[in-house]
$ cat coords-v1.cif   # mmCIF, N, CA and C atoms
data_protein
#
loop_
_atom_site.label_atom_id
_atom_site.label_comp_id
_atom_site.auth_asym_id
_atom_site.auth_seq_id
_atom_site.Cartn_x
_atom_site.Cartn_y
_atom_site.Cartn_z
N MET A 1 26.43 42.28 -53.28
CA MET A 1 27.37 43.16 -53.93
C MET A 1 28.75 42.95 -53.29
N SER A 2 29.75 42.76 -54.09
CA SER A 2 31.10 42.53 -53.60
C SER A 2 31.80 43.85 -53.29
N THR A 3 32.54 43.86 -52.19
CA THR A 3 33.26 45.06 -51.81
C THR A 3 34.73 45.00 -52.22
N GLN A 4 35.13 43.93 -52.88
CA GLN A 4 36.51 43.81 -53.32
C GLN A 4 36.75 44.70 -54.53
N LYS A 5 37.92 45.31 -54.56
CA LYS A 5 38.31 46.12 -55.70
C LYS A 5 38.98 45.22 -56.74
N LYS A 6 38.69 45.48 -57.97
CA LYS A 6 39.37 44.77 -59.05
C LYS A 6 40.69 45.47 -59.31
N ILE A 7 41.77 44.74 -59.17
CA ILE A 7 43.10 45.31 -59.36
C ILE A 7 43.42 45.28 -60.84
N GLN A 8 43.70 46.43 -61.39
CA GLN A 8 44.09 46.52 -62.79
C GLN A 8 45.61 46.41 -62.88
N SER A 9 46.07 45.57 -63.75
CA SER A 9 47.51 45.43 -63.92
C SER A 9 47.87 45.75 -65.37
N ASP A 10 49.09 46.17 -65.54
CA ASP A 10 49.61 46.49 -66.86
C ASP A 10 50.46 45.30 -67.32
N PRO A 11 50.09 44.66 -68.43
CA PRO A 11 50.85 43.48 -68.87
C PRO A 11 52.33 43.76 -69.11
N LYS A 12 52.65 44.92 -69.65
CA LYS A 12 54.07 45.23 -69.92
C LYS A 12 54.86 45.36 -68.61
N THR A 13 54.24 45.95 -67.60
CA THR A 13 54.90 46.07 -66.30
C THR A 13 55.10 44.69 -65.67
N THR A 14 54.09 43.84 -65.80
CA THR A 14 54.21 42.48 -65.27
C THR A 14 55.34 41.72 -65.95
N ILE A 15 55.43 41.85 -67.27
CA ILE A 15 56.51 41.18 -68.02
C ILE A 15 57.86 41.69 -67.56
N LEU A 16 57.97 43.00 -67.36
CA LEU A 16 59.23 43.59 -66.90
C LEU A 16 59.60 43.07 -65.52
N VAL A 17 58.63 43.00 -64.61
CA VAL A 17 58.91 42.53 -63.25
C VAL A 17 59.32 41.07 -63.26
N ILE A 18 58.62 40.23 -64.03
CA ILE A 18 58.99 38.81 -64.10
C ILE A 18 60.39 38.65 -64.68
N THR A 19 60.69 39.39 -65.73
CA THR A 19 62.00 39.30 -66.38
C THR A 19 63.11 39.74 -65.42
N LEU A 20 62.92 40.88 -64.76
CA LEU A 20 63.94 41.34 -63.81
C LEU A 20 64.08 40.40 -62.62
N GLY A 21 62.97 39.83 -62.18
CA GLY A 21 63.04 38.86 -61.09
C GLY A 21 63.84 37.62 -61.47
N MET A 22 63.62 37.13 -62.68
CA MET A 22 64.37 35.95 -63.13
C MET A 22 65.85 36.27 -63.34
N VAL A 23 66.15 37.47 -63.82
CA VAL A 23 67.55 37.88 -63.96
C VAL A 23 68.20 37.96 -62.58
N LEU A 24 67.47 38.48 -61.60
CA LEU A 24 67.99 38.53 -60.23
C LEU A 24 68.23 37.13 -59.67
N VAL A 25 67.30 36.21 -59.92
CA VAL A 25 67.49 34.82 -59.48
C VAL A 25 68.73 34.23 -60.14
N TYR A 26 68.91 34.51 -61.43
CA TYR A 26 70.11 34.02 -62.12
C TYR A 26 71.38 34.63 -61.54
N THR A 27 71.33 35.92 -61.23
CA THR A 27 72.51 36.60 -60.69
C THR A 27 72.91 36.01 -59.34
N VAL A 28 71.93 35.69 -58.52
CA VAL A 28 72.23 35.17 -57.18
C VAL A 28 72.61 33.70 -57.22
N THR A 29 71.90 32.88 -58.01
CA THR A 29 72.10 31.43 -57.95
C THR A 29 72.92 30.86 -59.10
N ARG A 30 73.09 31.62 -60.17
CA ARG A 30 73.79 31.16 -61.38
C ARG A 30 73.13 29.92 -61.99
N MET A 31 71.81 29.84 -61.88
CA MET A 31 71.07 28.74 -62.51
C MET A 31 70.62 29.19 -63.90
N ASN A 32 70.98 28.42 -64.90
CA ASN A 32 70.73 28.81 -66.29
C ASN A 32 69.26 28.88 -66.64
N TRP A 33 68.43 28.07 -66.00
CA TRP A 33 67.01 28.07 -66.33
C TRP A 33 66.38 29.43 -66.04
N ALA A 34 66.87 30.15 -65.03
CA ALA A 34 66.31 31.45 -64.70
C ALA A 34 66.60 32.46 -65.80
N LEU A 35 67.78 32.41 -66.37
CA LEU A 35 68.13 33.31 -67.47
C LEU A 35 67.34 32.97 -68.72
N ILE A 36 67.15 31.70 -69.00
CA ILE A 36 66.36 31.27 -70.15
C ILE A 36 64.90 31.69 -69.97
N ALA A 37 64.36 31.53 -68.76
CA ALA A 37 62.98 31.95 -68.48
C ALA A 37 62.84 33.46 -68.63
N ALA A 38 63.83 34.21 -68.16
CA ALA A 38 63.78 35.67 -68.28
C ALA A 38 63.77 36.09 -69.74
N LEU A 39 64.64 35.50 -70.53
CA LEU A 39 64.68 35.83 -71.96
C LEU A 39 63.39 35.42 -72.66
N GLY A 40 62.88 34.24 -72.33
CA GLY A 40 61.64 33.77 -72.96
C GLY A 40 60.45 34.66 -72.64
N VAL A 41 60.28 34.98 -71.38
CA VAL A 41 59.15 35.84 -70.98
C VAL A 41 59.33 37.23 -71.54
N GLY A 42 60.53 37.77 -71.49
CA GLY A 42 60.77 39.12 -72.01
C GLY A 42 60.53 39.23 -73.49
N ILE A 43 61.03 38.28 -74.25
CA ILE A 43 60.85 38.30 -75.71
C ILE A 43 59.38 38.07 -76.07
N ALA A 44 58.73 37.12 -75.39
CA ALA A 44 57.31 36.85 -75.67
C ALA A 44 56.46 38.08 -75.35
N GLY A 45 56.75 38.76 -74.27
CA GLY A 45 55.98 39.94 -73.89
C GLY A 45 56.18 41.10 -74.83
N LEU A 46 57.39 41.26 -75.32
CA LEU A 46 57.66 42.36 -76.26
C LEU A 46 57.16 42.05 -77.67
N ALA A 47 57.17 40.79 -78.05
CA ALA A 47 56.79 40.42 -79.41
C ALA A 47 55.28 40.49 -79.63
N SER A 48 54.50 40.15 -78.63
CA SER A 48 53.06 40.07 -78.84
C SER A 48 52.33 40.60 -77.62
N SER A 49 51.40 41.53 -77.84
CA SER A 49 50.61 42.02 -76.71
C SER A 49 49.63 40.96 -76.24
N PHE A 50 49.20 40.06 -77.14
CA PHE A 50 48.33 38.95 -76.75
C PHE A 50 49.05 38.04 -75.75
N LEU A 51 50.31 37.68 -76.07
CA LEU A 51 51.09 36.84 -75.15
C LEU A 51 51.36 37.56 -73.84
N ALA A 52 51.60 38.87 -73.92
CA ALA A 52 51.83 39.65 -72.70
C ALA A 52 50.60 39.63 -71.80
N GLU A 53 49.40 39.75 -72.40
CA GLU A 53 48.18 39.69 -71.61
C GLU A 53 47.97 38.31 -71.01
N LYS A 54 48.29 37.26 -71.75
CA LYS A 54 48.13 35.89 -71.23
C LYS A 54 49.13 35.61 -70.10
N ILE A 55 50.36 36.08 -70.26
CA ILE A 55 51.36 35.92 -69.19
C ILE A 55 50.92 36.71 -67.96
N ASP A 56 50.39 37.91 -68.16
CA ASP A 56 49.90 38.73 -67.05
C ASP A 56 48.74 38.03 -66.35
N TRP A 57 47.81 37.48 -67.11
CA TRP A 57 46.67 36.76 -66.53
C TRP A 57 47.14 35.56 -65.72
N LEU A 58 48.07 34.79 -66.28
CA LEU A 58 48.61 33.62 -65.58
C LEU A 58 49.34 34.04 -64.30
N TRP A 59 50.10 35.12 -64.37
CA TRP A 59 50.83 35.62 -63.20
C TRP A 59 49.87 36.06 -62.10
N MET A 60 48.80 36.75 -62.48
CA MET A 60 47.82 37.21 -61.49
C MET A 60 47.08 36.03 -60.86
N LYS A 61 46.78 34.99 -61.62
CA LYS A 61 46.16 33.79 -61.06
C LYS A 61 47.11 33.09 -60.09
N LEU A 62 48.39 33.03 -60.47
CA LEU A 62 49.39 32.42 -59.58
C LEU A 62 49.50 33.20 -58.27
N THR A 63 49.52 34.53 -58.36
CA THR A 63 49.61 35.33 -57.14
C THR A 63 48.36 35.17 -56.28
N HIS A 64 47.20 35.01 -56.90
CA HIS A 64 45.97 34.80 -56.12
C HIS A 64 46.02 33.47 -55.38
N VAL A 65 46.45 32.42 -56.07
CA VAL A 65 46.54 31.10 -55.42
C VAL A 65 47.56 31.13 -54.29
N LEU A 66 48.71 31.77 -54.52
CA LEU A 66 49.73 31.87 -53.48
C LEU A 66 49.25 32.70 -52.30
N SER A 67 48.41 33.70 -52.54
CA SER A 67 47.90 34.52 -51.44
C SER A 67 46.93 33.74 -50.57
N LEU A 68 46.37 32.67 -51.08
CA LEU A 68 45.50 31.82 -50.28
C LEU A 68 46.28 30.78 -49.48
N ILE A 69 47.43 30.37 -50.00
CA ILE A 69 48.19 29.28 -49.40
C ILE A 69 49.27 29.77 -48.45
N VAL A 70 50.11 30.68 -48.90
CA VAL A 70 51.30 31.08 -48.16
C VAL A 70 51.01 31.66 -46.78
N PRO A 71 50.05 32.58 -46.62
CA PRO A 71 49.82 33.11 -45.27
C PRO A 71 49.43 32.03 -44.26
N ASN A 72 48.64 31.06 -44.70
CA ASN A 72 48.25 29.99 -43.78
C ASN A 72 49.45 29.14 -43.37
N ILE A 73 50.30 28.84 -44.31
CA ILE A 73 51.50 28.06 -44.00
C ILE A 73 52.43 28.87 -43.11
N LEU A 74 52.65 30.11 -43.45
CA LEU A 74 53.54 30.97 -42.67
C LEU A 74 53.04 31.15 -41.25
N LEU A 75 51.75 31.40 -41.08
CA LEU A 75 51.20 31.57 -39.74
C LEU A 75 51.25 30.27 -38.94
N SER A 76 51.05 29.14 -39.61
CA SER A 76 51.15 27.86 -38.92
C SER A 76 52.57 27.60 -38.44
N VAL A 77 53.55 27.90 -39.29
CA VAL A 77 54.95 27.71 -38.91
C VAL A 77 55.30 28.61 -37.73
N VAL A 78 54.90 29.88 -37.78
CA VAL A 78 55.17 30.79 -36.67
C VAL A 78 54.51 30.29 -35.40
N PHE A 79 53.27 29.85 -35.51
CA PHE A 79 52.55 29.39 -34.32
C PHE A 79 53.23 28.17 -33.70
N PHE A 80 53.49 27.14 -34.51
CA PHE A 80 54.00 25.89 -33.95
C PHE A 80 55.49 25.93 -33.61
N LEU A 81 56.28 26.72 -34.31
CA LEU A 81 57.71 26.74 -34.04
C LEU A 81 58.13 27.80 -33.03
N PHE A 82 57.35 28.89 -32.90
CA PHE A 82 57.75 29.97 -32.00
C PHE A 82 56.79 30.13 -30.82
N LEU A 83 55.52 30.30 -31.10
CA LEU A 83 54.58 30.62 -30.03
C LEU A 83 54.30 29.44 -29.11
N THR A 84 54.17 28.25 -29.65
CA THR A 84 53.89 27.08 -28.82
C THR A 84 55.04 26.79 -27.85
N PRO A 85 56.31 26.77 -28.27
CA PRO A 85 57.38 26.56 -27.29
C PRO A 85 57.45 27.66 -26.23
N ILE A 86 57.21 28.90 -26.63
CA ILE A 86 57.23 29.99 -25.65
C ILE A 86 56.11 29.80 -24.63
N ALA A 87 54.95 29.39 -25.09
CA ALA A 87 53.83 29.17 -24.18
C ALA A 87 54.11 28.00 -23.23
N VAL A 88 54.71 26.94 -23.74
CA VAL A 88 55.03 25.79 -22.89
C VAL A 88 56.07 26.18 -21.84
N LEU A 89 57.11 26.91 -22.26
CA LEU A 89 58.12 27.36 -21.30
C LEU A 89 57.53 28.31 -20.26
N SER A 90 56.60 29.15 -20.69
CA SER A 90 55.95 30.05 -19.75
C SER A 90 55.13 29.29 -18.73
N ARG A 91 54.46 28.25 -19.16
CA ARG A 91 53.67 27.43 -18.24
C ARG A 91 54.56 26.67 -17.26
N VAL A 92 55.69 26.18 -17.75
CA VAL A 92 56.56 25.37 -16.90
C VAL A 92 57.31 26.24 -15.90
N PHE A 93 57.88 27.35 -16.36
CA PHE A 93 58.75 28.15 -15.50
C PHE A 93 58.13 29.44 -14.98
N GLY A 94 56.94 29.78 -15.43
CA GLY A 94 56.34 31.05 -15.06
C GLY A 94 55.51 30.96 -13.79
N LYS A 95 54.96 32.12 -13.42
CA LYS A 95 54.06 32.19 -12.28
C LYS A 95 52.80 31.40 -12.58
N ALA A 96 52.15 30.92 -11.52
CA ALA A 96 50.94 30.12 -11.72
C ALA A 96 49.78 30.96 -12.24
N ASN A 97 49.65 32.19 -11.76
CA ASN A 97 48.55 33.05 -12.14
C ASN A 97 49.11 34.45 -12.45
N PRO A 98 49.78 34.61 -13.61
CA PRO A 98 50.53 35.84 -13.86
C PRO A 98 49.66 37.10 -13.96
N LEU A 99 48.43 37.00 -14.40
CA LEU A 99 47.57 38.17 -14.53
C LEU A 99 46.56 38.29 -13.40
N ASP A 100 46.66 37.43 -12.44
CA ASP A 100 45.73 37.40 -11.30
C ASP A 100 44.27 37.34 -11.78
N LEU A 101 44.01 36.50 -12.75
CA LEU A 101 42.65 36.37 -13.26
C LEU A 101 41.80 35.46 -12.38
N LYS A 102 42.43 34.57 -11.65
CA LYS A 102 41.71 33.71 -10.72
C LYS A 102 41.70 34.40 -9.36
N ASN A 103 40.56 34.77 -8.89
CA ASN A 103 40.45 35.50 -7.63
C ASN A 103 40.75 34.57 -6.46
N THR A 104 42.02 34.30 -6.25
CA THR A 104 42.40 33.42 -5.14
C THR A 104 42.70 34.21 -3.88
N ALA A 105 43.00 35.49 -4.01
CA ALA A 105 43.30 36.32 -2.84
C ALA A 105 42.01 36.95 -2.32
N PRO A 106 41.97 37.29 -1.03
CA PRO A 106 40.76 37.92 -0.48
C PRO A 106 40.56 39.34 -1.03
N SER A 107 41.62 40.00 -1.52
CA SER A 107 41.50 41.36 -2.05
C SER A 107 42.36 41.48 -3.29
N LEU A 108 41.95 42.33 -4.20
CA LEU A 108 42.72 42.56 -5.42
C LEU A 108 43.72 43.69 -5.27
N PHE A 109 43.76 44.35 -4.12
CA PHE A 109 44.72 45.41 -3.88
C PHE A 109 46.09 44.81 -3.58
N LYS A 110 47.13 45.46 -4.06
CA LYS A 110 48.50 45.01 -3.84
C LYS A 110 49.15 45.94 -2.81
N ASP A 111 49.84 45.37 -1.85
CA ASP A 111 50.58 46.16 -0.88
C ASP A 111 51.93 46.55 -1.48
N HIS A 112 52.25 47.82 -1.35
CA HIS A 112 53.53 48.33 -1.85
C HIS A 112 54.35 48.75 -0.64
N THR A 113 55.49 48.12 -0.47
CA THR A 113 56.30 48.40 0.71
C THR A 113 57.47 49.32 0.41
N GLY A 114 57.65 49.74 -0.84
CA GLY A 114 58.78 50.59 -1.18
C GLY A 114 58.56 52.03 -0.75
N LYS A 115 59.63 52.80 -0.82
CA LYS A 115 59.57 54.20 -0.42
C LYS A 115 58.90 55.02 -1.52
N MET A 116 57.97 55.88 -1.15
CA MET A 116 57.26 56.74 -2.09
C MET A 116 57.82 58.16 -1.97
N ASP A 117 58.13 58.75 -3.12
CA ASP A 117 58.57 60.13 -3.10
C ASP A 117 57.83 60.90 -4.21
N LYS A 118 58.16 62.14 -4.39
CA LYS A 118 57.45 63.00 -5.34
C LYS A 118 57.63 62.49 -6.79
N ALA A 119 58.79 61.99 -7.13
CA ALA A 119 59.07 61.54 -8.48
C ALA A 119 58.23 60.31 -8.87
N SER A 120 57.86 59.50 -7.91
CA SER A 120 57.08 58.31 -8.23
C SER A 120 55.66 58.65 -8.64
N PHE A 121 55.18 59.85 -8.33
CA PHE A 121 53.83 60.26 -8.71
C PHE A 121 53.80 61.04 -10.03
N GLU A 122 54.96 61.44 -10.54
CA GLU A 122 54.97 62.24 -11.76
C GLU A 122 54.69 61.41 -13.00
N LYS A 123 55.25 60.23 -13.07
CA LYS A 123 55.01 59.35 -14.21
C LYS A 123 54.55 57.99 -13.68
N PRO A 124 53.27 57.85 -13.39
CA PRO A 124 52.80 56.61 -12.77
C PRO A 124 52.86 55.39 -13.68
N TRP A 125 52.86 55.63 -14.99
CA TRP A 125 52.92 54.49 -15.89
C TRP A 125 54.26 54.43 -16.53
#
$ encode --input "coords-v1.cif" --output "structure tokens"
Amino acid sequence: MSTQKKIQSDPKTTILVITLGMVLVYTVTRMNWALIAALGVGIAGLASSFLAEKIDWLWMKLTHVLSLIVPNILLSVVFFLFLTPIAVLSRVFGKANPLDLKNTAPSLFKDHTGKMDKASFEKPW
């Protein structure tokens, strides 16, 4: 038994979102194809409910395929461009055993040589 919920979409809402998105793309980039696509999708969706349902179905399939691809690409880019260089720099310039996970010392207790007063015990963390 599948635990996934079936997402119900409204074809008219999908047509409106696609049309407004294409108008926004046209407004920002001034590319004529975006305005033509907006008019085409908007008119097709308003003229026929069959076409609106087919456009909605196609849009939902596209979003499903993108949901499988984009997160993997995005996480790979974040990992290789940000986390890997930070890890390499940490290894090169950081402490050898920053979390003291390797029991190299005879005791795990740390000596504190600073002055202790009443305020230091009020908020220990």
$ residues_around --input "coords-v1.cif" --residues "segment 13-28 of chain A" --least-positions-apart "6" --cutoff "7 Å" --atoms "only N, CA and C atoms" --output "list in words"
Ala34, Leu35, Ala37, Ala38, Leu39, Val41, Gly42, Gly45, Ala52, Ile55 and Asp56 of chain A
$ select_by_dssp --input "coords-v1.cif" --residues "segment 9-122 of chain A" --states "helix (DSSP H, G or I)" --output "JSON, numbers by chain"
{"A": [11, 12, 13, 14, 15, 16, 17, 18, 19, 20, 21, 22, 23, 24, 25, 26, 27, 28, 29, 32, 33, 34, 35, 36, 37, 38, 39, 40, 41, 42, 43, 44, 45, 46, 47, 49, 50, 51, 52, 53, 54, 55, 56, 57, 58, 59, 60, 61, 62, 63, 64, 65, 66, 67, 68, 69, 70, 71, 72, 73, 74, 75, 76, 77, 78, 79, 80, 81, 82, 83, 84, 85, 86, 87, 88, 89, 90, 91, 92, 93, 118, 119, 120, 121, 122]}
$ atom_distance --input "coords-v1.cif" --atom1 "atom CA of Ile43 of chain A" --atom2 "atom N of Gln8 of chain A"
23.8 Å
$ atom_distance --input "coords-v1.cif" --atom1 "atom CA of Lys123 of chain A" --atom2 "atom CA of Leu101 of chain A"
26.1 Å
